[in-house]
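The file structure_7.pdb contains PDB, N, CA and C atoms:
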MODEL        1
ATOM      1  N   MET A   8     -37.860 -16.817 -87.432
ATOM      2  CA  MET A   8     -37.226 -15.529 -87.608
ATOM      3  C   MET A   8     -38.175 -14.435 -87.153
ATOM      4  N   GLN A   9     -37.650 -13.484 -86.442
ATOM      5  CA  GLN A   9     -38.430 -12.323 -86.041
ATOM      6  C   GLN A   9     -37.646 -11.077 -86.405
ATOM      7  N   TYR A  10     -37.629 -10.777 -87.694
ATOM      8  CA  TYR A  10     -36.819  -9.650 -88.112
ATOM      9  C   TYR A  10     -37.475  -8.336 -87.750
ATOM     10  N   ARG A  11     -36.644  -7.297 -87.607
ATOM     11  CA  ARG A  11     -37.116  -5.988 -87.181
ATOM     12  C   ARG A  11     -36.580  -4.903 -88.101
ATOM     13  N   PRO A  12     -37.331  -4.626 -89.162
ATOM     14  CA  PRO A  12     -36.898  -3.529 -90.022
ATOM     15  C   PRO A  12     -37.116  -2.212 -89.285
ATOM     16  N   ALA A  13     -36.106  -1.350 -89.272
ATOM     17  CA  ALA A  13     -36.226  -0.055 -88.603
ATOM     18  C   ALA A  13     -36.646   1.034 -89.580
ATOM     19  N   GLN A  14     -36.381   0.814 -90.862
ATOM     20  CA  GLN A  14     -36.797   1.785 -91.877
ATOM     21  C   GLN A  14     -37.120   1.050 -93.167
ATOM     22  N   ILE A  15     -38.279   1.361 -93.717
ATOM     23  CA  ILE A  15     -38.688   0.824 -95.011
ATOM     24  C   ILE A  15     -39.005   2.014 -95.901
ATOM     25  N   ILE A  16     -38.442   2.017 -97.100
ATOM     26  CA  ILE A  16     -38.736   3.068 -98.063
ATOM     27  C   ILE A  16     -39.233   2.429 -99.355
ATOM     28  N   SER A  17     -39.742   3.245-100.245
ATOM     29  CA  SER A  17     -40.202   2.761-101.531
ATOM     30  C   SER A  17     -39.289   3.313-102.617
ATOM     31  N   ILE A  18     -38.896   2.447-103.549
ATOM     32  CA  ILE A  18     -38.082   2.865-104.686
ATOM     33  C   ILE A  18     -38.719   2.344-105.966
ATOM     34  N   ARG A  19     -38.335   2.912-107.083
ATOM     35  CA  ARG A  19     -38.785   2.414-108.381
ATOM     36  C   ARG A  19     -37.815   1.342-108.853
ATOM     37  N   ALA A  20     -38.341   0.168-109.181
ATOM     38  CA  ALA A  20     -37.506  -0.934-109.653
ATOM     39  C   ALA A  20     -36.917  -0.573-111.015
ATOM     40  N   GLY A  21     -35.603  -0.674-111.133
ATOM     41  CA  GLY A  21     -34.926  -0.408-112.393
ATOM     42  C   GLY A  21     -34.885  -1.628-113.294
ATOM     43  N   ALA A  22     -35.236  -2.782-112.727
ATOM     44  CA  ALA A  22     -35.263  -4.053-113.448
ATOM     45  C   ALA A  22     -36.262  -4.947-112.723
ATOM     46  N   ASN A  23     -36.579  -6.094-113.286
ATOM     47  CA  ASN A  23     -37.418  -7.045-112.570
ATOM     48  C   ASN A  23     -36.652  -7.524-111.346
ATOM     49  N   LEU A  24     -37.284  -7.454-110.185
ATOM     50  CA  LEU A  24     -36.631  -7.809-108.923
ATOM     51  C   LEU A  24     -37.352  -8.963-108.255
ATOM     52  N   SER A  25     -36.588  -9.848-107.662
ATOM     53  CA  SER A  25     -37.145 -10.922-106.845
ATOM     54  C   SER A  25     -37.254 -10.441-105.406
ATOM     55  N   ALA A  26     -38.110 -11.086-104.639
ATOM     56  CA  ALA A  26     -38.229 -10.782-103.218
ATOM     57  C   ALA A  26     -36.985 -11.241-102.472
ATOM     58  N   HIS A  27     -36.669 -10.561-101.389
ATOM     59  CA  HIS A  27     -35.595 -10.950-100.475
ATOM     60  C   HIS A  27     -34.221 -10.911-101.128
ATOM     61  N   ARG A  28     -33.982  -9.860-101.901
ATOM     62  CA  ARG A  28     -32.694  -9.672-102.568
ATOM     63  C   ARG A  28     -32.164  -8.282-102.238
ATOM     64  N   PHE A  29     -30.839  -8.168-102.182
ATOM     65  CA  PHE A  29     -30.216  -6.863-102.026
ATOM     66  C   PHE A  29     -30.469  -6.052-103.291
ATOM     67  N   VAL A  30     -30.629  -4.736-103.120
ATOM     68  CA  VAL A  30     -30.918  -3.852-104.242
ATOM     69  C   VAL A  30     -30.138  -2.545-104.078
ATOM     70  N   THR A  31     -29.808  -1.914-105.197
ATOM     71  CA  THR A  31     -29.089  -0.637-105.186
ATOM     72  C   THR A  31     -30.072   0.522-105.184
ATOM     73  N   ALA A  32     -29.559   1.728-105.021
ATOM     74  CA  ALA A  32     -30.393   2.933-105.044
ATOM     75  C   ALA A  32     -31.065   3.125-106.396
ATOM     76  N   SER A  33     -30.482   2.590-107.463
ATOM     77  CA  SER A  33     -31.080   2.716-108.793
ATOM     78  C   SER A  33     -32.160   1.668-109.050
ATOM     79  N   GLY A  34     -32.437   0.818-108.053
ATOM     80  CA  GLY A  34     -33.493  -0.176-108.186
ATOM     81  C   GLY A  34     -33.083  -1.422-108.930
ATOM     82  N   ASN A  35     -31.804  -1.694-108.961
ATOM     83  CA  ASN A  35     -31.270  -2.882-109.625
ATOM     84  C   ASN A  35     -30.583  -3.782-108.608
ATOM     85  N   VAL A  36     -30.406  -5.073-108.958
ATOM     86  CA  VAL A  36     -29.587  -5.919-108.097
ATOM     87  C   VAL A  36     -28.141  -5.469-108.268
ATOM     88  N   PRO A  37     -27.373  -5.469-107.198
ATOM     89  CA  PRO A  37     -25.993  -4.978-107.297
ATOM     90  C   PRO A  37     -25.078  -5.969-108.001
ATOM     91  N   ALA A  38     -24.076  -5.434-108.660
ATOM     92  CA  ALA A  38     -23.017  -6.301-109.166
ATOM     93  C   ALA A  38     -22.359  -6.929-107.940
ATOM     94  N   ALA A  39     -21.792  -8.087-108.083
ATOM     95  CA  ALA A  39     -21.154  -8.771-106.957
ATOM     96  C   ALA A  39     -20.194  -7.831-106.248
ATOM     97  N   GLY A  40     -20.366  -7.700-104.927
ATOM     98  CA  GLY A  40     -19.492  -6.858-104.124
ATOM     99  C   GLY A  40     -19.814  -5.379-104.166
ATOM    100  N   ALA A  41     -20.876  -4.973-104.856
ATOM    101  CA  ALA A  41     -21.206  -3.554-104.998
ATOM    102  C   ALA A  41     -21.980  -3.026-103.788
ATOM    103  N   SER A  42     -22.121  -1.719-103.716
ATOM    104  CA  SER A  42     -22.891  -1.070-102.655
ATOM    105  C   SER A  42     -24.376  -1.380-102.811
ATOM    106  N   THR A  43     -25.080  -1.410-101.687
ATOM    107  CA  THR A  43     -26.518  -1.675-101.714
ATOM    108  C   THR A  43     -27.257  -0.597-100.934
ATOM    109  N   LEU A  44     -28.566  -0.491-101.208
ATOM    110  CA  LEU A  44     -29.420   0.415-100.453
ATOM    111  C   LEU A  44     -30.226  -0.349 -99.418
ATOM    112  N   GLY A  45     -30.618  -1.582 -99.749
ATOM    113  CA  GLY A  45     -31.423  -2.364 -98.827
ATOM    114  C   GLY A  45     -31.815  -3.695 -99.422
ATOM    115  N   VAL A  46     -32.914  -4.260 -98.881
ATOM    116  CA  VAL A  46     -33.391  -5.588 -99.279
ATOM    117  C   VAL A  46     -34.861  -5.483 -99.668
ATOM    118  N   THR A  47     -35.211  -6.082-100.810
ATOM    119  CA  THR A  47     -36.596  -6.059-101.273
ATOM    120  C   THR A  47     -37.494  -6.886-100.358
ATOM    121  N   LEU A  48     -38.707  -6.388-100.148
ATOM    122  CA  LEU A  48     -39.692  -7.142 -99.368
ATOM    123  C   LEU A  48     -40.538  -8.041-100.248
ATOM    124  N   SER A  49     -40.682  -7.661-101.518
ATOM    125  CA  SER A  49     -41.503  -8.439-102.442
ATOM    126  C   SER A  49     -40.924  -8.320-103.844
ATOM    127  N   ALA A  50     -41.395  -9.145-104.741
ATOM    128  CA  ALA A  50     -40.968  -9.071-106.136
ATOM    129  C   ALA A  50     -41.580  -7.833-106.782
ATOM    130  N   ALA A  51     -40.911  -7.321-107.814
ATOM    131  CA  ALA A  51     -41.419  -6.146-108.527
ATOM    132  C   ALA A  51     -40.999  -6.213-109.991
ATOM    133  N   GLN A  52     -41.824  -5.661-110.839
ATOM    134  CA  GLN A  52     -41.509  -5.530-112.252
ATOM    135  C   GLN A  52     -40.787  -4.206-112.470
ATOM    136  N   ALA A  53     -39.948  -4.126-113.495
ATOM    137  CA  ALA A  53     -39.244  -2.879-113.821
ATOM    138  C   ALA A  53     -40.251  -1.745-113.937
ATOM    139  N   GLY A  54     -39.949  -0.630-113.286
ATOM    140  CA  GLY A  54     -40.812   0.544-113.312
ATOM    141  C   GLY A  54     -41.801   0.625-112.170
ATOM    142  N   ASP A  55     -42.065  -0.479-111.479
ATOM    143  CA  ASP A  55     -42.997  -0.482-110.344
ATOM    144  C   ASP A  55     -42.326   0.073-109.093
ATOM    145  N   GLN A  56     -43.117   0.665-108.223
ATOM    146  CA  GLN A  56     -42.645   1.057-106.901
ATOM    147  C   GLN A  56     -42.604  -0.206-106.044
ATOM    148  N   THR A  57     -41.574  -0.330-105.211
ATOM    149  CA  THR A  57     -41.465  -1.503-104.351
ATOM    150  C   THR A  57     -40.853  -1.109-103.007
ATOM    151  N   PRO A  58     -41.324  -1.696-101.906
ATOM    152  CA  PRO A  58     -40.753  -1.383-100.598
ATOM    153  C   PRO A  58     -39.462  -2.156-100.359
ATOM    154  N   ILE A  59     -38.506  -1.481 -99.724
ATOM    155  CA  ILE A  59     -37.256  -2.147 -99.336
ATOM    156  C   ILE A  59     -36.896  -1.759 -97.909
ATOM    157  N   VAL A  60     -36.271  -2.681 -97.207
ATOM    158  CA  VAL A  60     -35.755  -2.430 -95.863
ATOM    159  C   VAL A  60     -34.368  -1.815 -96.027
ATOM    160  N   THR A  61     -34.143  -0.653 -95.398
ATOM    161  CA  THR A  61     -32.840   0.004 -95.516
ATOM    162  C   THR A  61     -32.065   0.059 -94.210
ATOM    163  N   ILE A  62     -32.759  -0.045 -93.086
ATOM    164  CA  ILE A  62     -32.109  -0.001 -91.776
ATOM    165  C   ILE A  62     -32.735  -1.068 -90.894
ATOM    166  N   GLY A  63     -31.909  -1.729 -90.092
ATOM    167  CA  GLY A  63     -32.399  -2.747 -89.169
ATOM    168  C   GLY A  63     -32.079  -4.132 -89.679
ATOM    169  N   THR A  64     -33.010  -5.057 -89.482
ATOM    170  CA  THR A  64     -32.790  -6.417 -89.944
ATOM    171  C   THR A  64     -33.735  -6.720 -91.099
ATOM    172  N   ALA A  65     -33.309  -7.633 -91.948
ATOM    173  CA  ALA A  65     -34.107  -8.015 -93.113
ATOM    174  C   ALA A  65     -33.904  -9.495 -93.381
ATOM    175  N   VAL A  66     -34.790 -10.050 -94.185
ATOM    176  CA  VAL A  66     -34.694 -11.443 -94.600
ATOM    177  C   VAL A  66     -34.228 -11.444 -96.046
ATOM    178  N   VAL A  67     -33.152 -12.195 -96.323
ATOM    179  CA  VAL A  67     -32.562 -12.230 -97.659
ATOM    180  C   VAL A  67     -32.263 -13.682 -98.035
ATOM    181  N   GLU A  68     -32.298 -13.960 -99.331
ATOM    182  CA  GLU A  68     -31.996 -15.310 -99.810
ATOM    183  C   GLU A  68     -30.491 -15.548 -99.815
ATOM    184  N   ALA A  69     -30.084 -16.691 -99.306
ATOM    185  CA  ALA A  69     -28.662 -17.069 -99.301
ATOM    186  C   ALA A  69     -28.303 -17.740-100.623
ATOM    187  N   ALA A  70     -27.103 -17.441-101.127
ATOM    188  CA  ALA A  70     -26.609 -18.066-102.352
ATOM    189  C   ALA A  70     -25.641 -19.205-102.041
ATOM    190  N   ALA A  71     -25.240 -19.317-100.788
ATOM    191  CA  ALA A  71     -24.282 -20.337-100.357
ATOM    192  C   ALA A  71     -24.484 -20.553 -98.866
ATOM    193  N   ALA A  72     -23.750 -21.492 -98.296
ATOM    194  CA  ALA A  72     -23.838 -21.734 -96.858
ATOM    195  C   ALA A  72     -23.347 -20.512 -96.090
ATOM    196  N   ILE A  73     -24.131 -20.112 -95.088
ATOM    197  CA  ILE A  73     -23.807 -18.938 -94.272
ATOM    198  C   ILE A  73     -24.038 -19.315 -92.816
ATOM    199  N   ALA A  74     -23.116 -18.891 -91.947
ATOM    200  CA  ALA A  74     -23.223 -19.165 -90.513
ATOM    201  C   ALA A  74     -23.557 -17.879 -89.765
ATOM    202  N   VAL A  75     -24.104 -18.031 -88.574
ATOM    203  CA  VAL A  75     -24.391 -16.875 -87.724
ATOM    204  C   VAL A  75     -23.097 -16.096 -87.507
ATOM    205  N   GLY A  76     -23.157 -14.798 -87.660
ATOM    206  CA  GLY A  76     -22.005 -13.930 -87.451
ATOM    207  C   GLY A  76     -21.158 -13.684 -88.685
ATOM    208  N   ASP A  77     -21.413 -14.423 -89.773
ATOM    209  CA  ASP A  77     -20.633 -14.196 -90.996
ATOM    210  C   ASP A  77     -20.881 -12.794 -91.536
ATOM    211  N   PRO A  78     -19.831 -12.123 -92.011
ATOM    212  CA  PRO A  78     -20.032 -10.858 -92.724
ATOM    213  C   PRO A  78     -20.628 -11.187 -94.095
ATOM    214  N   ILE A  79     -21.572 -10.370 -94.539
ATOM    215  CA  ILE A  79     -22.316 -10.664 -95.756
ATOM    216  C   ILE A  79     -22.003  -9.651 -96.860
ATOM    217  N   ALA A  80     -21.854 -10.174 -98.062
ATOM    218  CA  ALA A  80     -21.754  -9.377 -99.287
ATOM    219  C   ALA A  80     -22.846  -9.902-100.215
ATOM    220  N   THR A  81     -22.894  -9.403-101.449
ATOM    221  CA  THR A  81     -23.910  -9.851-102.394
ATOM    222  C   THR A  81     -23.287 -10.552-103.589
ATOM    223  N   ASP A  82     -24.066 -11.444-104.179
ATOM    224  CA  ASP A  82     -23.650 -11.988-105.462
ATOM    225  C   ASP A  82     -24.323 -11.158-106.550
ATOM    226  N   ALA A  83     -24.112 -11.504-107.802
ATOM    227  CA  ALA A  83     -24.641 -10.715-108.921
ATOM    228  C   ALA A  83     -26.156 -10.804-109.051
ATOM    229  N   ALA A  84     -26.804 -11.696-108.297
ATOM    230  CA  ALA A  84     -28.261 -11.808-108.312
ATOM    231  C   ALA A  84     -28.893 -11.157-107.088
ATOM    232  N   GLY A  85     -28.069 -10.497-106.238
ATOM    233  CA  GLY A  85     -28.577  -9.837-105.046
ATOM    234  C   GLY A  85     -28.762 -10.754-103.857
ATOM    235  N   ARG A  86     -28.271 -11.986-103.940
ATOM    236  CA  ARG A  86     -28.384 -12.928-102.825
ATOM    237  C   ARG A  86     -27.199 -12.767-101.880
ATOM    238  N   ALA A  87     -27.354 -13.258-100.661
ATOM    239  CA  ALA A  87     -26.307 -13.155 -99.641
ATOM    240  C   ALA A  87     -25.223 -14.201 -99.849
ATOM    241  N   VAL A  88     -23.974 -13.761 -99.736
ATOM    242  CA  VAL A  88     -22.812 -14.646 -99.745
ATOM    243  C   VAL A  88     -21.888 -14.187 -98.621
ATOM    244  N   VAL A  89     -20.979 -15.056 -98.209
ATOM    245  CA  VAL A  89     -20.007 -14.669 -97.186
ATOM    246  C   VAL A  89     -19.050 -13.654 -97.795
ATOM    247  N   HIS A  90     -18.831 -12.575 -97.096
ATOM    248  CA  HIS A  90     -17.976 -11.482 -97.568
ATOM    249  C   HIS A  90     -16.534 -11.935 -97.691
ATOM    250  N   THR A  91     -15.955 -11.780 -98.872
ATOM    251  CA  THR A  91     -14.531 -12.032 -99.074
ATOM    252  C   THR A  91     -13.858 -10.847 -99.750
ATOM    253  N   SER A  92     -14.626 -10.062-100.502
ATOM    254  CA  SER A  92     -14.093  -8.859-101.137
ATOM    255  C   SER A  92     -15.246  -7.935-101.478
ATOM    256  N   GLY A  93     -14.941  -6.691-101.777
ATOM    257  CA  GLY A  93     -15.994  -5.724-102.059
ATOM    258  C   GLY A  93     -16.570  -5.176-100.774
ATOM    259  N   ASN A  94     -17.801  -4.724-100.832
ATOM    260  CA  ASN A  94     -18.440  -4.103 -99.669
ATOM    261  C   ASN A  94     -19.139  -5.132 -98.793
ATOM    262  N   LYS A  95     -18.893  -5.042 -97.489
ATOM    263  CA  LYS A  95     -19.655  -5.830 -96.525
ATOM    264  C   LYS A  95     -20.954  -5.070 -96.302
ATOM    265  N   VAL A  96     -22.110  -5.697 -96.547
ATOM    266  CA  VAL A  96     -23.379  -4.993 -96.487
ATOM    267  C   VAL A  96     -24.241  -5.393 -95.294
ATOM    268  N   ALA A  97     -23.882  -6.493 -94.631
ATOM    269  CA  ALA A  97     -24.701  -6.986 -93.526
ATOM    270  C   ALA A  97     -23.907  -8.000 -92.717
ATOM    271  N   VAL A  98     -24.521  -8.433 -91.607
ATOM    272  CA  VAL A  98     -23.977  -9.504 -90.769
ATOM    273  C   VAL A  98     -25.100 -10.523 -90.577
ATOM    274  N   ALA A  99     -24.787 -11.809 -90.735
ATOM    275  CA  ALA A  99     -25.794 -12.861 -90.612
ATOM    276  C   ALA A  99     -26.232 -13.037 -89.165
ATOM    277  N   LEU A 100     -27.551 -13.044 -88.943
ATOM    278  CA  LEU A 100     -28.110 -13.296 -87.618
ATOM    279  C   LEU A 100     -28.636 -14.719 -87.496
ATOM    280  N   THR A 101     -28.873 -15.359 -88.644
ATOM    281  CA  THR A 101     -29.260 -16.769 -88.676
ATOM    282  C   THR A 101     -28.403 -17.458 -89.734
ATOM    283  N   SER A 102     -28.385 -18.765 -89.696
ATOM    284  CA  SER A 102     -27.591 -19.522 -90.665
ATOM    285  C   SER A 102     -28.501 -20.128 -91.725
ATOM    286  N   GLY A 103     -27.887 -20.579 -92.813
ATOM    287  CA  GLY A 103     -28.668 -21.231 -93.857
ATOM    288  C   GLY A 103     -27.781 -21.754 -94.961
ATOM    289  N   ARG A 104     -28.420 -22.464 -95.880
ATOM    290  CA  ARG A 104     -27.744 -22.997 -97.061
ATOM    291  C   ARG A 104     -28.272 -22.262 -98.287
ATOM    292  N   SER A 105     -27.707 -22.571 -99.427
ATOM    293  CA  SER A 105     -28.148 -21.960-100.677
ATOM    294  C   SER A 105     -29.662 -22.129-100.855
ATOM    295  N   GLY A 106     -30.342 -21.028-101.147
ATOM    296  CA  GLY A 106     -31.791 -21.048-101.339
ATOM    297  C   GLY A 106     -32.592 -20.760-100.090
ATOM    298  N   ASP A 107     -31.967 -20.859 -98.907
ATOM    299  CA  ASP A 107     -32.663 -20.559 -97.653
ATOM    300  C   ASP A 107     -32.812 -19.052 -97.476
ATOM    301  N   LEU A 108     -33.835 -18.649 -96.724
ATOM    302  CA  LEU A 108     -33.960 -17.261 -96.304
ATOM    303  C   LEU A 108     -33.281 -17.134 -94.951
ATOM    304  N   ILE A 109     -32.410 -16.141 -94.827
ATOM    305  CA  ILE A 109     -31.707 -15.904 -93.564
ATOM    306  C   ILE A 109     -31.982 -14.475 -93.117
ATOM    307  N   GLU A 110     -31.833 -14.240 -91.828
ATOM    308  CA  GLU A 110     -31.984 -12.889 -91.292
ATOM    309  C   GLU A 110     -30.613 -12.241 -91.202
ATOM    310  N   VAL A 111     -30.542 -10.988 -91.621
ATOM    311  CA  VAL A 111     -29.287 -10.231 -91.572
ATOM    312  C   VAL A 111     -29.520  -8.881 -90.915
ATOM    313  N   PHE A 112     -28.467  -8.357 -90.311
ATOM    314  CA  PHE A 112     -28.470  -6.986 -89.806
ATOM    315  C   PHE A 112     -27.792  -6.145 -90.867
ATOM    316  N   LEU A 113     -28.524  -5.182 -91.410
ATOM    317  CA  LEU A 113     -27.984  -4.343 -92.479
ATOM    318  C   LEU A 113     -26.994  -3.326 -91.942
ATOM    319  N   ILE A 114     -25.921  -3.114 -92.669
ATOM    320  CA  ILE A 114     -24.919  -2.114 -92.316
ATOM    321  C   ILE A 114     -25.252  -0.857 -93.104
ATOM    322  N   PRO A 115     -25.666   0.222 -92.425
ATOM    323  CA  PRO A 115     -26.051   1.441 -93.138
ATOM    324  C   PRO A 115     -24.922   1.983 -94.015
ATOM    325  N   ASN A 116     -25.305   2.515 -95.171
ATOM    326  CA  ASN A 116     -24.381   3.147 -96.122
ATOM    327  C   ASN A 116     -23.340   2.188 -96.648
ATOM    328  N   ALA A 117     -23.656   0.903 -96.734
ATOM    329  CA  ALA A 117     -22.690  -0.077 -97.235
ATOM    330  C   ALA A 117     -22.730  -0.153 -98.746
TER     331      ALA A 117
ENDMDL
END

Encoding of this model in structure tokens:
Amino acid sequence: MQYRPAQIISIRAGANLSAHRFVTASGNVPAAGASTLGVTLSAAQAGDQTPIVTIGTAVVEAAAAIAVGDPIATDAAGRAVVHTSGNKVAVALTSGRSGDLIEVFLIPNA
């Protein structure tokens, strides 16, 4: 994988966060199908500042099998799932199975 983040910002974690998970503007993992701000680069404890990718491509953990080109949404743990309802937040650039890290292209303002 050769991901290319175009913008990385720092946010305060609203909860304990795992690396490579979708996160909301409030620093929490999104409820399934909810809007996201970006993807965490590393794990963080609640209250810590943490960098997240908000524009470009990012590496995220898959919660299920995902194929190249699949539209991506989030599960309740911030992992990537194939979009079926709610907000589409990214498009898969690589494929993977549950637990794999995949590359996604983030959809701004999703």

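Residues matched by the PyMOL selection byres ((chain A and resi 26) around 6) in this file are A:Leu24, A:Ser25, A:His27, A:Arg28, A:Thr47, A:Leu48, A:Ser49, A:Ala50, A:Ala51.
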
Practice task
Check range 9-117 of chain A with DSSP on the backbone and list each residue it calls strand (DSSP E or B), as number ranges by chain.
Solution key: A: 12-19, 24, 29-30, 45-47, 51, 56-69, 73, 78-81, 87-89, 97-99, 103, 108-113

Care to translate the PyMOL selection byres ((chain A and resi 74) around 6) into actual residues of this file, as a JSON list (two decimals) with N, CA and C atoms, in the coordinates of the input?
[["chain", "number", "residue", "atom", "x", "y", "z"],
["A", 72, "ALA", "N", -23.75, -21.49, -98.30],
["A", 72, "ALA", "CA", -23.84, -21.73, -96.86],
["A", 72, "ALA", "C", -23.35, -20.51, -96.09],
["A", 73, "ILE", "N", -24.13, -20.11, -95.09],
["A", 73, "ILE", "CA", -23.81, -18.94, -94.27],
["A", 73, "ILE", "C", -24.04, -19.32, -92.82],
["A", 75, "VAL", "N", -24.10, -18.03, -88.57],
["A", 75, "VAL", "CA", -24.39, -16.88, -87.72],
["A", 75, "VAL", "C", -23.10, -16.10, -87.51],
["A", 76, "GLY", "N", -23.16, -14.80, -87.66],
["A", 76, "GLY", "CA", -22.00, -13.93, -87.45],
["A", 76, "GLY", "C", -21.16, -13.68, -88.68],
["A", 77, "ASP", "N", -21.41, -14.42, -89.77],
["A", 77, "ASP", "CA", -20.63, -14.20, -91.00],
["A", 77, "ASP", "C", -20.88, -12.79, -91.54],
["A", 99, "ALA", "N", -24.79, -11.81, -90.74],
["A", 99, "ALA", "CA", -25.79, -12.86, -90.61],
["A", 99, "ALA", "C", -26.23, -13.04, -89.16],
["A", 101, "THR", "N", -28.87, -15.36, -88.64],
["A", 101, "THR", "CA", -29.26, -16.77, -88.68],
["A", 101, "THR", "C", -28.40, -17.46, -89.73],
["A", 102, "SER", "N", -28.38, -18.76, -89.70],
["A", 102, "SER", "CA", -27.59, -19.52, -90.66],
["A", 102, "SER", "C", -28.50, -20.13, -91.72],
["A", 103, "GLY", "N", -27.89, -20.58, -92.81],
["A", 103, "GLY", "CA", -28.67, -21.23, -93.86],
["A", 103, "GLY", "C", -27.78, -21.75, -94.96]]

Exercise for the section: Please provide as a list in words all residues within 6 Å of range 13-17 of chain A, with the sequence filter that same-chain residues fewer than 6 positions apart are discarded (counting all atoms listed in the file). Expected result: Gln56, Thr57, Pro58, Ile59, Val60, Thr61, Ile62, Gly63 and Thr64 of chain A

Practice task
Give the answer as one residue: which of A:Ala65, A:Val111, A:Val96, A:Ala20 has the shortest atom-to-atom distance to Leu44 in chain A, using only C-alpha atoms?
Solution key: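 When distances to Leu44 in chain A are compared using only C-alpha atoms, the smallest one comes from A:Val96.
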
Problem - A:Ala80, A:Val67, A:Val98, A:Val30 ranked by distance to Gly45 in chain A, top pick (using only N, CA and C atoms) - result: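 Looking at the shortest contact to Gly45 in chain A, the residue is A:Val30.
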
Exercise for the section: Calculate how many Å separate CA of Val88 in chain A from CA of Ile18 in chain A, rounding to one decimal. Expected result: 23.8 Å

Residues near Phe29 in chain A, cut-off 6 Å, all atoms listed in the file, skip fewer than 2 positions along chain, as an mmCIF file with N, CA and C atoms, in the frame of the given file:
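This went into selection_5.cif:
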data_model
loop_
_atom_site.group_PDB
_atom_site.id
_atom_site.type_symbol
_atom_site.label_atom_id
_atom_site.label_comp_id
_atom_site.auth_asym_id
_atom_site.auth_seq_id
_atom_site.Cartn_x
_atom_site.Cartn_y
_atom_site.Cartn_z
ATOM 1 N N HIS A 27 -36.669 -10.561 -101.389
ATOM 2 C CA HIS A 27 -35.595 -10.950 -100.475
ATOM 3 C C HIS A 27 -34.221 -10.911 -101.128
ATOM 4 N N THR A 31 -29.808 -1.914 -105.197
ATOM 5 C CA THR A 31 -29.089 -0.637 -105.186
ATOM 6 C C THR A 31 -30.072 0.522 -105.184
ATOM 7 N N ASN A 35 -31.804 -1.694 -108.961
ATOM 8 C CA ASN A 35 -31.270 -2.882 -109.625
ATOM 9 C C ASN A 35 -30.583 -3.782 -108.608
ATOM 10 N N VAL A 36 -30.406 -5.073 -108.958
ATOM 11 C CA VAL A 36 -29.587 -5.919 -108.097
ATOM 12 C C VAL A 36 -28.141 -5.469 -108.268
ATOM 13 N N PRO A 37 -27.373 -5.469 -107.198
ATOM 14 C CA PRO A 37 -25.993 -4.978 -107.297
ATOM 15 C C PRO A 37 -25.078 -5.969 -108.001
ATOM 16 N N GLY A 45 -30.618 -1.582 -99.749
ATOM 17 C CA GLY A 45 -31.423 -2.364 -98.827
ATOM 18 C C GLY A 45 -31.815 -3.695 -99.422
ATOM 19 N N VAL A 46 -32.914 -4.260 -98.881
ATOM 20 C CA VAL A 46 -33.391 -5.588 -99.279
ATOM 21 C C VAL A 46 -34.861 -5.483 -99.668
ATOM 22 N N THR A 47 -35.211 -6.082 -100.810
ATOM 23 C CA THR A 47 -36.596 -6.059 -101.273
ATOM 24 C C THR A 47 -37.494 -6.886 -100.358
ATOM 25 N N GLY A 85 -28.069 -10.497 -106.238
ATOM 26 C CA GLY A 85 -28.577 -9.837 -105.046
ATOM 27 C C GLY A 85 -28.762 -10.754 -103.857
ATOM 28 N N ARG A 86 -28.271 -11.986 -103.940
ATOM 29 C CA ARG A 86 -28.384 -12.928 -102.825
ATOM 30 C C ARG A 86 -27.199 -12.767 -101.880
#

If the box runs along x, y and z of the file and leaves 3 Å on each side of range 48-64 of chain A, what are its centre and edge lengths in Å, one decimal, as lines of an AutoDock Vina configuration file?
center_x = -37.5
center_y = -4.0
center_z = -101.6
size_x = 17.2
size_y = 16.2
size_z = 30.8

Problem - Between CA of Ala87 in chain A and CA of Val66 in chain A, distance in Å (one decimal) - result: 9.9 Å

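Considering only N, CA and C atoms, the residue among A:Ala22, A:Ala71, A:Ile109, A:Ile79 positioned nearest to Asn94 in chain A is A:Ile79.
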
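One distance worth recording is that between CA of Ala83 in chain A and CA of Arg11 in chain A, which is 25.5 Å.
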
Exercise for the section: Using all atoms listed in the file, pick whichever of A:Ala38, A:Leu113, A:Leu108, A:Ala69 has the shortest atom-to-atom distance to Lys95 in chain A. Expected result: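 With all atoms listed in the file as the atom set, the closest residue is A:Leu113.
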
Completion exercise
Shortest contact to Asp55 in chain A, candidates A:Leu100, A:His90, A:Pro115, A:Gly21, atoms counted all atoms listed in the file, goes to A:Gly21
